[in-house]
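Asks: Structure file query-v7.pdb (PDB, C-alpha atoms) is given on the next line.
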ATOM      1  CA  MET A 383       4.507 -22.732   2.745
ATOM      2  CA  ILE A 384       5.702 -24.325  -0.512
ATOM      3  CA  TYR A 385       5.221 -22.349  -3.728
ATOM      4  CA  ILE A 386       6.219 -23.832  -7.073
ATOM      5  CA  ALA A 387       6.868 -21.817 -10.232
ATOM      6  CA  THR A 388       6.319 -23.951 -13.328
ATOM      7  CA  LEU A 389       7.650 -22.566 -16.589
ATOM      8  CA  ASP A 390       6.768 -23.926 -20.021
ATOM      9  CA  VAL A 391       8.885 -22.476 -22.839
ATOM     10  CA  GLY A 392       7.138 -23.685 -25.969
ATOM     11  CA  THR A 393       7.331 -22.915 -29.654
ATOM     12  CA  THR A 394       4.229 -20.718 -29.604
ATOM     13  CA  THR A 395       3.911 -19.566 -25.971
ATOM     14  CA  VAL A 396       5.847 -19.018 -22.752
ATOM     15  CA  ARG A 397       3.680 -19.866 -19.731
ATOM     16  CA  CYS A 398       4.282 -19.744 -16.004
ATOM     17  CA  PHE A 399       2.004 -21.016 -13.257
ATOM     18  CA  ILE A 400       2.531 -20.516  -9.542
ATOM     19  CA  ILE A 401       1.217 -23.519  -7.617
ATOM     20  CA  ASP A 402       0.926 -24.152  -3.894
ATOM     21  CA  ALA A 403       1.570 -27.422  -2.009
ATOM     22  CA  ARG A 404      -2.030 -28.557  -2.638
ATOM     23  CA  GLY A 405      -1.576 -28.149  -6.401
ATOM     24  CA  GLU A 406      -3.832 -25.123  -6.653
ATOM     25  CA  VAL A 407      -2.902 -22.444  -9.180
ATOM     26  CA  LEU A 408      -2.337 -19.149  -7.378
ATOM     27  CA  GLY A 409      -1.179 -17.089 -10.333
ATOM     28  CA  SER A 410      -0.281 -17.404 -13.998
ATOM     29  CA  SER A 411       0.949 -15.528 -17.030
ATOM     30  CA  THR A 412       1.241 -16.357 -20.728
ATOM     31  CA  GLU A 413       2.907 -14.627 -23.664
ATOM     32  CA  ARG A 414       3.095 -15.599 -27.336
ATOM     33  CA  VAL A 415       6.553 -16.386 -28.722
ATOM     34  CA  LYS A 416       7.579 -14.467 -31.822
ATOM     35  CA  LEU A 417       8.544 -17.237 -34.255
ATOM     36  CA  LEU A 418      10.771 -15.958 -37.082
ATOM     37  CA  ASN A 419      10.501 -17.377 -40.574
ATOM     38  CA  PRO A 420      13.410 -15.735 -42.458
ATOM     39  CA  GLN A 421      12.792 -17.951 -45.483
ATOM     40  CA  PRO A 422      10.562 -20.932 -46.304
ATOM     41  CA  GLY A 423      11.334 -23.917 -44.081
ATOM     42  CA  HIS A 424      13.382 -21.893 -41.560
ATOM     43  CA  PHE A 425      11.896 -21.490 -38.078
ATOM     44  CA  GLU A 426      13.866 -19.463 -35.538
ATOM     45  CA  ILE A 427      13.458 -17.580 -32.258
ATOM     46  CA  GLU A 428      15.582 -14.552 -31.338
ATOM     47  CA  PRO A 429      17.328 -15.409 -28.017
ATOM     48  CA  GLU A 430      17.246 -11.973 -26.345
ATOM     49  CA  THR A 431      13.550 -11.563 -27.082
ATOM     50  CA  LEU A 432      12.777 -15.042 -25.722
ATOM     51  CA  TRP A 433      14.792 -14.396 -22.551
ATOM     52  CA  ALA A 434      12.951 -11.090 -21.984
ATOM     53  CA  GLN A 435       9.625 -12.914 -22.438
ATOM     54  CA  ILE A 436      10.630 -15.624 -19.933
ATOM     55  CA  VAL A 437      11.619 -13.052 -17.299
ATOM     56  CA  SER A 438       8.440 -11.043 -17.911
ATOM     57  CA  VAL A 439       6.123 -14.064 -17.731
ATOM     58  CA  VAL A 440       7.680 -15.370 -14.499
ATOM     59  CA  ASN A 441       7.518 -11.925 -12.877
ATOM     60  CA  ARG A 442       3.879 -11.398 -13.890
ATOM     61  CA  ALA A 443       2.905 -14.868 -12.596
ATOM     62  CA  VAL A 444       4.547 -14.158  -9.229
ATOM     63  CA  ILE A 445       2.728 -10.807  -9.020
ATOM     64  CA  ASP A 446      -0.560 -12.476 -10.035
ATOM     65  CA  ALA A 447      -0.080 -14.971  -7.179
ATOM     66  CA  GLN A 448       0.460 -12.005  -4.825
ATOM     67  CA  LEU A 449       3.871 -13.347  -3.802
ATOM     68  CA  LYS A 450       7.454 -12.110  -3.879
ATOM     69  CA  PRO A 451      10.154 -13.923  -5.902
ATOM     70  CA  CYS A 452      11.832 -15.017  -2.653
ATOM     71  CA  ASP A 453       8.617 -16.913  -1.726
ATOM     72  CA  ILE A 454       9.176 -19.384  -4.584
ATOM     73  CA  THR A 455      10.679 -22.571  -3.119
ATOM     74  CA  ASN A 456      10.685 -24.852  -6.194
ATOM     75  CA  PHE A 457      10.950 -24.387  -9.919
ATOM     76  CA  GLY A 458       9.835 -26.699 -12.750
ATOM     77  CA  LEU A 459      10.875 -26.205 -16.372
ATOM     78  CA  SER A 460       9.598 -27.663 -19.632
ATOM     79  CA  THR A 461      11.204 -26.638 -22.937
ATOM     80  CA  GLN A 462      10.946 -27.216 -26.663
ATOM     81  CA  ARG A 463      12.215 -30.465 -28.068
ATOM     82  CA  CYS A 464      15.301 -30.305 -30.257
ATOM     83  CA  THR A 465      15.506 -26.503 -30.350
ATOM     84  CA  PHE A 466      19.119 -25.375 -30.103
ATOM     85  CA  LEU A 467      21.461 -22.437 -29.960
ATOM     86  CA  THR A 468      25.245 -22.395 -30.177
ATOM     87  CA  TRP A 469      27.165 -19.746 -28.321
ATOM     88  CA  ASN A 470      30.637 -18.690 -27.295
ATOM     89  CA  HIS A 471      31.041 -19.633 -23.642
ATOM     90  CA  GLU A 472      33.867 -17.104 -23.205
ATOM     91  CA  THR A 473      32.102 -14.018 -24.604
ATOM     92  CA  GLN A 474      28.523 -15.205 -23.849
ATOM     93  CA  GLU A 475      27.549 -14.200 -27.413
ATOM     94  CA  TYR A 476      25.419 -16.506 -29.516
ATOM     95  CA  TYR A 477      26.198 -17.276 -33.158
ATOM     96  CA  HIS A 478      22.635 -17.426 -34.467
ATOM     97  CA  ASN A 479      19.003 -17.445 -33.381
ATOM     98  CA  PHE A 480      17.485 -20.531 -31.768
ATOM     99  CA  ILE A 481      16.790 -23.034 -34.531
ATOM    100  CA  THR A 482      13.519 -24.716 -33.611
ATOM    101  CA  TRP A 483      12.386 -28.301 -33.959
ATOM    102  CA  LYS A 484      10.087 -27.201 -36.800
ATOM    103  CA  ASP A 485      13.032 -26.143 -38.994
ATOM    104  CA  LEU A 486      13.323 -28.039 -42.295
ATOM    105  CA  ARG A 487      16.852 -27.075 -43.406
ATOM    106  CA  ALA A 488      18.155 -30.603 -42.958
ATOM    107  CA  ASN A 489      15.401 -32.374 -44.950
ATOM    108  CA  THR A 490      17.658 -33.502 -47.809
ATOM    109  CA  LEU A 491      20.361 -34.777 -45.464
ATOM    110  CA  VAL A 492      17.824 -36.611 -43.272
ATOM    111  CA  ASP A 493      16.252 -38.268 -46.320
ATOM    112  CA  GLN A 494      19.697 -39.394 -47.525
ATOM    113  CA  TRP A 495      20.532 -40.902 -44.136
ATOM    114  CA  ASN A 496      17.164 -42.633 -43.758
ATOM    115  CA  THR A 497      17.464 -44.271 -47.167
ATOM    116  CA  GLY A 498      21.175 -45.057 -46.778
ATOM    117  CA  ALA A 499      22.802 -48.419 -46.188
ATOM    118  CA  ALA A 500      23.952 -47.662 -42.617
ATOM    119  CA  ILE A 501      20.452 -47.021 -41.223
ATOM    120  CA  LYS A 502      18.989 -49.941 -43.168
ATOM    121  CA  ALA A 503      21.717 -52.263 -41.826
ATOM    122  CA  LEU A 504      21.107 -51.007 -38.281
ATOM    123  CA  ASN A 505      17.350 -51.574 -38.665
ATOM    124  CA  ILE A 506      17.805 -55.118 -40.009
ATOM    125  CA  PHE A 507      20.445 -56.070 -37.436
ATOM    126  CA  SER A 508      18.252 -54.713 -34.635
ATOM    127  CA  TYR A 509      15.248 -56.679 -35.888
ATOM    128  CA  VAL A 510      17.284 -59.883 -35.983
ATOM    129  CA  LEU A 511      18.407 -59.209 -32.399
ATOM    130  CA  TYR A 512      14.763 -58.639 -31.465
ATOM    131  CA  LEU A 513      13.769 -62.000 -32.992
ATOM    132  CA  ILE A 514      16.520 -63.721 -30.988
ATOM    133  CA  THR A 515      16.070 -61.926 -27.657
ATOM    134  CA  ARG A 516      12.490 -60.599 -27.819
ATOM    135  CA  SER A 517      13.842 -57.432 -26.193
ATOM    136  CA  LYS A 518      11.642 -54.456 -27.104
ATOM    137  CA  ARG A 519      14.654 -52.130 -27.195
ATOM    138  CA  PHE A 520      15.884 -53.962 -30.319
ATOM    139  CA  LEU A 521      12.396 -53.765 -31.830
ATOM    140  CA  ALA A 522      12.475 -49.995 -31.263
ATOM    141  CA  ALA A 523      15.919 -49.751 -32.899
ATOM    142  CA  SER A 524      14.641 -51.734 -35.879
ATOM    143  CA  VAL A 525      12.403 -48.810 -36.882
ATOM    144  CA  LEU A 526      14.861 -46.029 -36.012
ATOM    145  CA  LYS A 527      14.849 -43.052 -38.382
ATOM    146  CA  MET A 528      16.572 -39.692 -38.196
ATOM    147  CA  MET A 529      14.489 -36.511 -37.924
ATOM    148  CA  ASN A 530      15.324 -32.859 -38.657
ATOM    149  CA  GLY A 531      15.649 -31.983 -34.968
ATOM    150  CA  GLN A 532      18.502 -34.474 -34.600
ATOM    151  CA  VAL A 533      20.679 -33.052 -37.374
ATOM    152  CA  ILE A 534      22.798 -29.913 -37.645
ATOM    153  CA  ARG A 535      22.879 -29.235 -41.366
ATOM    154  CA  GLY A 536      25.958 -27.956 -43.138
ATOM    155  CA  GLU A 537      29.418 -28.760 -44.343
ATOM    156  CA  HIS A 538      32.184 -28.621 -41.761
ATOM    157  CA  ILE A 539      34.842 -26.259 -43.042
ATOM    158  CA  LYS A 540      38.128 -26.090 -41.147
ATOM    159  CA  THR A 541      38.766 -22.393 -40.465
ATOM    160  CA  GLU A 542      41.582 -22.372 -37.917
ATOM    161  CA  GLU A 543      44.090 -24.855 -36.539
ATOM    162  CA  SER A 544      46.763 -24.856 -33.852
ATOM    163  CA  ASN A 545      48.463 -27.579 -31.797
ATOM    164  CA  THR A 546      45.483 -28.065 -29.475
ATOM    165  CA  ASN A 547      42.538 -26.412 -31.246
ATOM    166  CA  VAL A 548      40.718 -26.976 -34.484
ATOM    167  CA  GLN A 549      37.867 -24.637 -35.331
ATOM    168  CA  TYR A 550      35.167 -25.592 -37.814
ATOM    169  CA  LYS A 551      32.410 -23.471 -39.232
ATOM    170  CA  LEU A 552      29.111 -25.000 -40.269
ATOM    171  CA  LYS A 553      28.557 -23.534 -43.711
ATOM    172  CA  ALA A 554      24.746 -23.500 -43.665
ATOM    173  CA  THR A 555      24.162 -22.104 -40.179
ATOM    174  CA  LYS A 556      27.340 -20.054 -39.669
ATOM    175  CA  THR A 557      27.814 -21.907 -36.385
ATOM    176  CA  THR A 558      31.280 -22.360 -34.961
ATOM    177  CA  ILE A 559      32.218 -25.638 -33.324
ATOM    178  CA  LYS A 560      35.666 -26.012 -31.744
ATOM    179  CA  THR A 561      37.568 -29.088 -30.809
ATOM    180  CA  LEU A 562      39.977 -29.002 -27.920
ATOM    181  CA  GLN A 563      42.480 -31.844 -28.051
ATOM    182  CA  GLY A 564      40.074 -33.886 -30.166
ATOM    183  CA  LYS A 565      36.940 -33.299 -28.021
ATOM    184  CA  PHE A 566      34.029 -31.347 -29.462
ATOM    185  CA  ILE A 567      32.840 -28.326 -27.503
ATOM    186  CA  LEU A 568      29.285 -27.337 -28.409
ATOM    187  CA  SER A 569      27.393 -25.320 -25.827
ATOM    188  CA  ILE A 570      23.628 -25.457 -26.168
ATOM    189  CA  LEU A 571      22.410 -22.978 -23.561
ATOM    190  CA  GLN A 572      20.491 -19.764 -23.773
ATOM    191  CA  PRO A 573      22.245 -16.556 -22.723
TER     192      PRO A 573
END
Would you give me this structure, written as structure tokens?

Replies:
Amino acid sequence: MIYIATLDVGTTTVRCFIIDARGEVLGSSTERVKLLNPQPGHFEIEPETLWAQIVSVVNRAVIDAQLKPCDITNFGLSTQRCTFLTWNHETQEYYHNFITWKDLRANTLVDQWNTGAAIKALNIFSYVLYLITRSKRFLAASVLKMMNGQVIRGEHIKTEESNTNVQYKLKATKTTIKTLQGKFILSILQP
């Protein structure tokens, strides 16, 4: 028999449904996510707490379906858009809480980019290409705007340098980004 665990990790809830091959829900579990608001406009989630909630919700859904974890044959996952975490892949330690898509720290920077010459030139050039080709992809690019979830806010401050490594620290988020022989290394995974 095929049993599918579907996990939805959202901004407000973590949900898991166990579904059989006919699409019938056999078991489920839901838990509210603790959204942190350390100051106005900042929206974060503590990684260890979220991971514990994910494990708990999946386990409870499997129990509710009267199955064992080894009975699950497929797994589906849906997660939050633009929520990120940076971490040290060597030590497995994260540098900060998840910064969610609702976070407004980059508002000023986003507004500057959206009103700047580069985005306006891209929009105009894309619209001209649309008029010539009638390709909808150019029409879409003609209205392109940056959003908070697409921007890591902060000044890049060089903190360490050697022959092959350069380490930068993002001033606003205290996030470390390293380059290795000119290539950026930025891991966006939960622990």

Asks: Do you know which residues are at most 10 Å from Ser508 of chain A counting all atoms listed in the file, after dropping those on the same chain fewer than 2 positions away, and could you put them as number ranges by chain?

Replies: A: 502-506, 510-514, 517, 519-526

Asks: Could the residues in this selection be saved with C-alpha atoms as a compact mmCIF listing (two decimals), keeping the file's coordinate frame?

Replies:
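The resulting out_32.txt:
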# COMPACT_ATOMS: atom_id res chain seq x y z
CA LYS A 502 18.99 -49.94 -43.17
CA ALA A 503 21.72 -52.26 -41.83
CA LEU A 504 21.11 -51.01 -38.28
CA ASN A 505 17.35 -51.57 -38.66
CA ILE A 506 17.80 -55.12 -40.01
CA VAL A 510 17.28 -59.88 -35.98
CA LEU A 511 18.41 -59.21 -32.40
CA TYR A 512 14.76 -58.64 -31.46
CA LEU A 513 13.77 -62.00 -32.99
CA ILE A 514 16.52 -63.72 -30.99
CA SER A 517 13.84 -57.43 -26.19
CA ARG A 519 14.65 -52.13 -27.20
CA PHE A 520 15.88 -53.96 -30.32
CA LEU A 521 12.40 -53.76 -31.83
CA ALA A 522 12.48 -50.00 -31.26
CA ALA A 523 15.92 -49.75 -32.90
CA SER A 524 14.64 -51.73 -35.88
CA VAL A 525 12.40 -48.81 -36.88
CA LEU A 526 14.86 -46.03 -36.01

Asks: Between A:Thr465, A:Ala499, A:Gly423, A:Lys450, which is the closest to Leu486 of chain A once you count all atoms listed in the file?

Replies: A:Gly423

Asks: Using the chain letters and residue numbers of this document, give as a list in words the residues selected by the PyMOL selection byres ((chain A and resi 424) around 8).

Replies: Leu418, Asn419, Pro420, Gln421, Pro422, Gly423, Phe425, Glu426, Ile481, Lys484, Asp485, Leu486 and Arg487 of chain A

Asks: Would you translate the PyMOL selection byres ((chain A and resi 400-403) around 6) into the concrete set of residues it matches in this file, as a JSON list (two decimals) with C-alpha atoms, in the coordinates of the input?

Replies:
[["chain", "number", "residue", "atom", "x", "y", "z"],
["A", 384, "ILE", "CA", 5.70, -24.32, -0.51],
["A", 385, "TYR", "CA", 5.22, -22.35, -3.73],
["A", 386, "ILE", "CA", 6.22, -23.83, -7.07],
["A", 387, "ALA", "CA", 6.87, -21.82, -10.23],
["A", 399, "PHE", "CA", 2.00, -21.02, -13.26],
["A", 404, "ARG", "CA", -2.03, -28.56, -2.64],
["A", 405, "GLY", "CA", -1.58, -28.15, -6.40],
["A", 406, "GLU", "CA", -3.83, -25.12, -6.65],
["A", 407, "VAL", "CA", -2.90, -22.44, -9.18],
["A", 408, "LEU", "CA", -2.34, -19.15, -7.38],
["A", 409, "GLY", "CA", -1.18, -17.09, -10.33]]

Asks: Do you know which residues are at most 7 Å from Ser460 of chain A counting only C-alpha atoms, after dropping those on the same chain fewer than 5 positions away, and could you put them as an NGL selection string?

Replies: :A and (389-391)

Asks: Closest to Thr394 of chain A among A:Phe457, A:Ala443, A:Trp483, A:Tyr477, using only C-alpha atoms?

Replies: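 Between A:Phe457, A:Ala443, A:Trp483, A:Tyr477, the residue approaching Thr394 of chain A most closely is A:Trp483.
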
Asks: Could you please determine the separation between atom CA of Val440 of chain A and atom CA of Gly458 of chain A in Å, to one decimal place?

Replies: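 Straight-line distance from atom CA of Val440 of chain A to atom CA of Gly458 of chain A works out to 11.7 Å.
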